[in-house]
Amino acid sequence: MKGPFATPLSALISALLFGPLFIQPALAATPSDYLIQSAVYQWYGELDLGIQPKATVNTDLAEYPNGKPVAGAHQILAIDQIAEENGRLLLEVELEYQARDAGPGEGRYLIQTLTLENSDSAPQAGPTLIASETQVNEIDELSGQFRPAAEQNLIRALLFRWTQALDYPGSQALTSMLLPEASFTSPEPGQLSPVSYQAALQALNNQNSRRAIKNLSIGTAQADGSYPVSLEYQWSAINQWGETELARVGVSMTVLVRDGRALIAHYQSQYLPPVTDPGAEIRC
């Protein structure tokens with residue numbers, strides 16, 4: 001591979017394949033969608049903790065009997081983009097909702113329209129949710145007991161934002177998503193810090209980069225409140241010479257949720273053997 005990294009990122013494929021706009025729960029998305037999905041999961045994660053929305057957000061909070069968020073669980077079923085105009089995105093989100101104190105089988109089926117606005121002054125921060133309107137609010141006889149979702153939603157929000165920062169290393173700093181005492185291991189040889197790793201990624205000058213999230217596993221909370229997370233990146237990139245490259249990266253991390261935000265306490269990644277098929281050209 002040309003470039004500063006002497007790594008297994010040398011398997012070339014004939015075309016860069018992009019998946020559907022939104023897929024849930026596989027969490028595959030095109031790079032431009034990562035921050036959109038992060039904003040959606042962050043919104044519902046905060047509601048699930050009972051955090052009151054900012055006064056700047058226009059929302060009906062129809063799933064709550066008193067119109068105020070309380071501890072509960074929004075299970076996101078699907079996210080679809082409806083329209084984009086004048087820097088605003090209109091999304092339709094399909095969900096199941098259950099209050100923490102609800103009995104077995106008690107829940108709501110929701111379809112909500114979210115309006116997100118891009119910030120011209122800070123585009124790297126991603127879109128901001130400015131409105132939520134409930135279109136469908138029906139009784140849903142959910143099976144089983146209450147399933148917490150706050151931490152799961154916040155962790156997914158973190159994963160999308162982290163992946164965006166890897167694909168667009170000139171955007172948000174990795175350190176903003178790491179605890180100050182966090183341990184970090186990049187897939188490259190040597191002891192690269194989060195800052196130096198991101199700088200090395202930027203130095204590749206890729207024309208395009210996409211890390212599709214596969215095989216995501218979020219474990220149960222540990223005694224210290226942390227969550228073990230594992231996933232695989234299928235990384236496709238068009239380098240500065242117009243060549244298409246492919247790599248697989250295995251990732252394991254430990255995540256903590258503090259004050260309505262997920263942060264990484266431990267991050268370790270390594271290259272995995274490439275998956276090939278008869279139509280793929282492999283160069284070592």
# chains A, B, ... in the order shown; residues from 1 in each chain; ligands from 1
call {"tool": "select_by_dssp", "arguments": {"residues": "stretch 8-161 of chain A", "states": "helix (DSSP H, G or I)", "output": "ChimeraX atom specification"}}
result
/A:31-48,123-125,150-161
call {"tool": "residues_around", "arguments": {"residues": "stretch 104-119 of chain A", "least_positions_apart": "4", "cutoff": "6 Å", "atoms": "only C-alpha atoms", "output": "ChimeraX atom specification"}}
result
/A:87-98,123,127-143,145
call {"tool": "write_last_selection", "arguments": {"atoms": "C-alpha atoms", "output": "PDB file, in the first residue's frame"}}
result
ATOM      1  CA  GLY A  87     -29.820  22.840   5.997  1.00  0.00           C
ATOM      2  CA  ARG A  88     -32.623  20.975   7.763  1.00  0.00           C
ATOM      3  CA  LEU A  89     -33.203  17.229   7.763  1.00  0.00           C
ATOM      4  CA  LEU A  90     -36.592  15.626   8.272  1.00  0.00           C
ATOM      5  CA  LEU A  91     -36.466  12.075   9.658  1.00  0.00           C
ATOM      6  CA  GLU A  92     -39.137   9.495  10.453  1.00  0.00           C
ATOM      7  CA  VAL A  93     -38.321   7.245  13.400  1.00  0.00           C
ATOM      8  CA  GLU A  94     -40.262   4.092  14.264  1.00  0.00           C
ATOM      9  CA  LEU A  95     -40.021   2.996  17.917  1.00  0.00           C
ATOM     10  CA  GLU A  96     -41.342   0.932  20.745  1.00  0.00           C
ATOM     11  CA  TYR A  97     -41.545   2.705  24.087  1.00  0.00           C
ATOM     12  CA  GLN A  98     -41.995   1.328  27.581  1.00  0.00           C
ATOM     13  CA  PRO A 123     -20.408  21.466  10.973  1.00  0.00           C
ATOM     14  CA  PRO A 127     -26.802  18.303  13.228  1.00  0.00           C
ATOM     15  CA  THR A 128     -28.832  19.517  16.196  1.00  0.00           C
ATOM     16  CA  LEU A 129     -32.339  18.259  16.904  1.00  0.00           C
ATOM     17  CA  ILE A 130     -34.756  21.185  16.957  1.00  0.00           C
ATOM     18  CA  ALA A 131     -38.180  19.500  16.805  1.00  0.00           C
ATOM     19  CA  SER A 132     -39.964  16.206  17.440  1.00  0.00           C
ATOM     20  CA  GLU A 133     -43.577  15.550  16.482  1.00  0.00           C
ATOM     21  CA  THR A 134     -45.467  12.318  17.179  1.00  0.00           C
ATOM     22  CA  GLN A 135     -47.424  10.943  14.216  1.00  0.00           C
ATOM     23  CA  VAL A 136     -48.504   7.588  15.688  1.00  0.00           C
ATOM     24  CA  ASN A 137     -48.951   6.769  19.392  1.00  0.00           C
ATOM     25  CA  GLU A 138     -50.684   3.427  19.940  1.00  0.00           C
ATOM     26  CA  ILE A 139     -50.881   0.806  22.655  1.00  0.00           C
ATOM     27  CA  ASP A 140     -48.282  -1.915  22.054  1.00  0.00           C
ATOM     28  CA  GLU A 141     -48.565  -5.142  24.035  1.00  0.00           C
ATOM     29  CA  LEU A 142     -44.829  -5.727  24.332  1.00  0.00           C
ATOM     30  CA  SER A 143     -43.765  -9.218  25.320  1.00  0.00           C
ATOM     31  CA  GLN A 145     -40.249  -7.516  31.028  1.00  0.00           C
TER      32      GLN A 145
END
call {"tool": "residues_around", "arguments": {"residues": "A:Gln152", "least_positions_apart": "3", "cutoff": "8 Å", "atoms": "only C-alpha atoms", "output": "PyMOL selection string"}}
result
chain A and resi 45+148-149+155-156+218
call {"tool": "residues_around", "arguments": {"residues": "stretch 243-254 of chain A", "least_positions_apart": "5", "cutoff": "6 Å", "atoms": "only C-alpha atoms", "output": "VMD selection string"}}
result
chain A and resid 9 11 to 13 227 to 238 264 to 272
call {"tool": "atom_distance", "arguments": {"atom1": "atom CA of A:Leu174", "atom2": "atom CA of A:Leu35"}}
result
14.2 Å
call {"tool": "atom_distance", "arguments": {"atom1": "atom CA of A:Pro180", "atom2": "atom CA of A:Gly50"}}
result
26.7 Å
call {"tool": "select_by_dssp", "arguments": {"residues": "stretch 114-246 of chain A", "states": "strand (DSSP E or B)", "output": "ChimeraX atom specification"}}
result
/A:114-117,128-139,178-185,208-218,227-238,244-246
call {"tool": "closest_residue", "arguments": {"among": "A:Leu61, A:Ile79, A:Leu179, A:Ala165", "to": "A:Arg211", "atoms": "only C-alpha atoms"}}
result
A:Ala165
call {"tool": "atom_distance", "arguments": {"atom1": "atom CA of A:Asn239", "atom2": "atom CA of A:Gln81"}}
result
29.3 Å
call {"tool": "residues_around", "arguments": {"residues": "A:Gln164", "least_positions_apart": "5", "cutoff": "12 Å", "atoms": "only C-alpha atoms", "output": "list in words"}}
result
Ala29, Thr30, Pro31, Ser32, Asp33, Tyr34, Leu35, Ile36, Gln37, Ser38, Gln124, Ala125, Gly126, Ala157, Leu158, Leu159, Pro169, Gly170, Ser171, Gln172, Ala173, Leu174, Met177, Gln198, Ser209, Arg210, Arg211, Ala212 and Ile213 of chain A
call {"tool": "write_last_selection", "arguments": {"atoms": "N, CA, C and O atoms", "output": "mmCIF file, in the first residue's frame"}}
result
data_model
loop_
_atom_site.group_PDB
_atom_site.id
_atom_site.type_symbol
_atom_site.label_atom_id
_atom_site.label_comp_id
_atom_site.auth_asym_id
_atom_site.auth_seq_id
_atom_site.Cartn_x
_atom_site.Cartn_y
_atom_site.Cartn_z
ATOM 1 N N ALA A 29 -23.983 2.363 7.689
ATOM 2 C CA ALA A 29 -24.440 3.643 7.157
ATOM 3 C C ALA A 29 -23.351 4.264 6.318
ATOM 4 O O ALA A 29 -22.184 3.953 6.465
ATOM 5 N N THR A 30 -23.730 5.140 5.383
ATOM 6 C CA THR A 30 -22.735 5.881 4.646
ATOM 7 C C THR A 30 -22.133 6.929 5.568
ATOM 8 O O THR A 30 -22.770 7.365 6.524
ATOM 9 N N PRO A 31 -20.892 7.373 5.305
ATOM 10 C CA PRO A 31 -20.223 8.267 6.246
ATOM 11 C C PRO A 31 -21.015 9.518 6.584
ATOM 12 O O PRO A 31 -21.013 9.966 7.727
ATOM 13 N N SER A 32 -21.691 10.129 5.606
ATOM 14 C CA SER A 32 -22.419 11.360 5.865
ATOM 15 C C SER A 32 -23.579 11.148 6.818
ATOM 16 O O SER A 32 -24.138 12.114 7.342
ATOM 17 N N ASP A 33 -23.966 9.922 7.066
ATOM 18 C CA ASP A 33 -25.108 9.651 7.933
ATOM 19 C C ASP A 33 -24.722 9.388 9.381
ATOM 20 O O ASP A 33 -25.598 9.324 10.247
ATOM 21 N N TYR A 34 -23.452 9.205 9.667
ATOM 22 C CA TYR A 34 -23.063 8.817 11.016
ATOM 23 C C TYR A 34 -23.496 9.844 12.059
ATOM 24 O O TYR A 34 -24.019 9.492 13.110
ATOM 25 N N LEU A 35 -23.269 11.111 11.796
ATOM 26 C CA LEU A 35 -23.619 12.130 12.779
ATOM 27 C C LEU A 35 -25.136 12.296 12.901
ATOM 28 O O LEU A 35 -25.637 12.653 13.966
ATOM 29 N N ILE A 36 -25.855 12.033 11.825
ATOM 30 C CA ILE A 36 -27.315 12.080 11.887
ATOM 31 C C ILE A 36 -27.822 11.004 12.837
ATOM 32 O O ILE A 36 -28.623 11.256 13.737
ATOM 33 N N GLN A 37 -27.327 9.794 12.648
ATOM 34 C CA GLN A 37 -27.782 8.700 13.496
ATOM 35 C C GLN A 37 -27.329 8.887 14.941
ATOM 36 O O GLN A 37 -28.050 8.560 15.888
ATOM 37 N N SER A 38 -26.136 9.451 15.111
ATOM 38 C CA SER A 38 -25.657 9.724 16.459
ATOM 39 C C SER A 38 -26.606 10.675 17.180
ATOM 40 O O SER A 38 -26.935 10.476 18.357
ATOM 41 N N GLN A 124 -18.656 20.197 12.119
ATOM 42 C CA GLN A 124 -18.069 18.974 12.645
ATOM 43 C C GLN A 124 -18.835 18.452 13.853
ATOM 44 O O GLN A 124 -18.695 17.278 14.232
ATOM 45 N N ALA A 125 -19.624 19.296 14.483
ATOM 46 C CA ALA A 125 -20.396 18.878 15.650
ATOM 47 C C ALA A 125 -21.611 18.048 15.268
ATOM 48 O O ALA A 125 -22.194 17.375 16.108
ATOM 49 N N GLY A 126 -21.995 18.102 14.008
ATOM 50 C CA GLY A 126 -23.146 17.339 13.561
ATOM 51 C C GLY A 126 -24.431 18.120 13.712
ATOM 52 O O GLY A 126 -24.467 19.200 14.324
ATOM 53 N N ALA A 157 -24.888 6.117 20.000
ATOM 54 C CA ALA A 157 -24.606 7.496 19.598
ATOM 55 C C ALA A 157 -23.101 7.744 19.582
ATOM 56 O O ALA A 157 -22.561 8.372 18.663
ATOM 57 N N LEU A 158 -22.405 7.256 20.597
ATOM 58 C CA LEU A 158 -20.951 7.386 20.668
ATOM 59 C C LEU A 158 -20.274 6.668 19.505
ATOM 60 O O LEU A 158 -19.358 7.214 18.877
ATOM 61 N N LEU A 159 -20.703 5.453 19.208
ATOM 62 C CA LEU A 159 -20.064 4.666 18.154
ATOM 63 C C LEU A 159 -20.159 5.349 16.798
ATOM 64 O O LEU A 159 -19.205 5.357 16.016
ATOM 65 N N PRO A 169 -10.915 12.370 9.709
ATOM 66 C CA PRO A 169 -10.015 12.675 10.842
ATOM 67 C C PRO A 169 -9.783 14.159 11.066
ATOM 68 O O PRO A 169 -9.216 14.537 12.091
ATOM 69 N N GLY A 170 -10.225 15.006 10.158
ATOM 70 C CA GLY A 170 -10.082 16.431 10.371
ATOM 71 C C GLY A 170 -11.297 17.047 11.030
ATOM 72 O O GLY A 170 -11.376 18.272 11.152
ATOM 73 N N SER A 171 -12.232 16.192 11.469
ATOM 74 C CA SER A 171 -13.468 16.706 12.061
ATOM 75 C C SER A 171 -13.359 16.785 13.574
ATOM 76 O O SER A 171 -12.701 17.671 14.112
ATOM 77 N N GLN A 172 -13.975 15.848 14.289
ATOM 78 C CA GLN A 172 -13.964 15.895 15.748
ATOM 79 C C GLN A 172 -12.809 15.072 16.318
ATOM 80 O O GLN A 172 -12.505 13.985 15.837
ATOM 81 N N ALA A 173 -12.160 15.591 17.365
ATOM 82 C CA ALA A 173 -11.020 14.905 17.964
ATOM 83 C C ALA A 173 -11.466 13.652 18.702
ATOM 84 O O ALA A 173 -12.492 13.655 19.398
ATOM 85 N N LEU A 174 -10.703 12.575 18.557
ATOM 86 C CA LEU A 174 -10.999 11.334 19.283
ATOM 87 C C LEU A 174 -10.945 11.566 20.788
ATOM 88 O O LEU A 174 -11.697 10.947 21.542
ATOM 89 N N MET A 177 -13.996 12.019 23.003
ATOM 90 C CA MET A 177 -14.871 10.877 23.284
ATOM 91 C C MET A 177 -14.200 9.848 24.184
ATOM 92 O O MET A 177 -14.730 8.764 24.414
ATOM 93 N N GLN A 198 -4.970 9.887 14.648
ATOM 94 C CA GLN A 198 -5.868 10.663 13.818
ATOM 95 C C GLN A 198 -5.088 11.498 12.797
ATOM 96 O O GLN A 198 -5.511 11.637 11.637
ATOM 97 N N SER A 209 -13.567 7.568 2.532
ATOM 98 C CA SER A 209 -13.336 6.542 3.538
ATOM 99 C C SER A 209 -14.666 6.159 4.159
ATOM 100 O O SER A 209 -15.493 7.031 4.449
ATOM 101 N N ARG A 210 -14.880 4.876 4.356
ATOM 102 C CA ARG A 210 -16.105 4.405 4.997
ATOM 103 C C ARG A 210 -15.813 3.185 5.847
ATOM 104 O O ARG A 210 -15.286 2.189 5.369
ATOM 105 N N ARG A 211 -16.139 3.284 7.120
ATOM 106 C CA ARG A 211 -16.055 2.149 8.027
ATOM 107 C C ARG A 211 -17.481 1.697 8.339
ATOM 108 O O ARG A 211 -18.211 2.390 9.034
ATOM 109 N N ALA A 212 -17.858 0.557 7.800
ATOM 110 C CA ALA A 212 -19.173 -0.006 8.099
ATOM 111 C C ALA A 212 -19.066 -0.833 9.376
ATOM 112 O O ALA A 212 -18.163 -1.658 9.522
ATOM 113 N N ILE A 213 -19.980 -0.589 10.313
ATOM 114 C CA ILE A 213 -19.963 -1.285 11.592
ATOM 115 C C ILE A 213 -20.670 -2.625 11.455
ATOM 116 O O ILE A 213 -21.830 -2.683 11.064
#
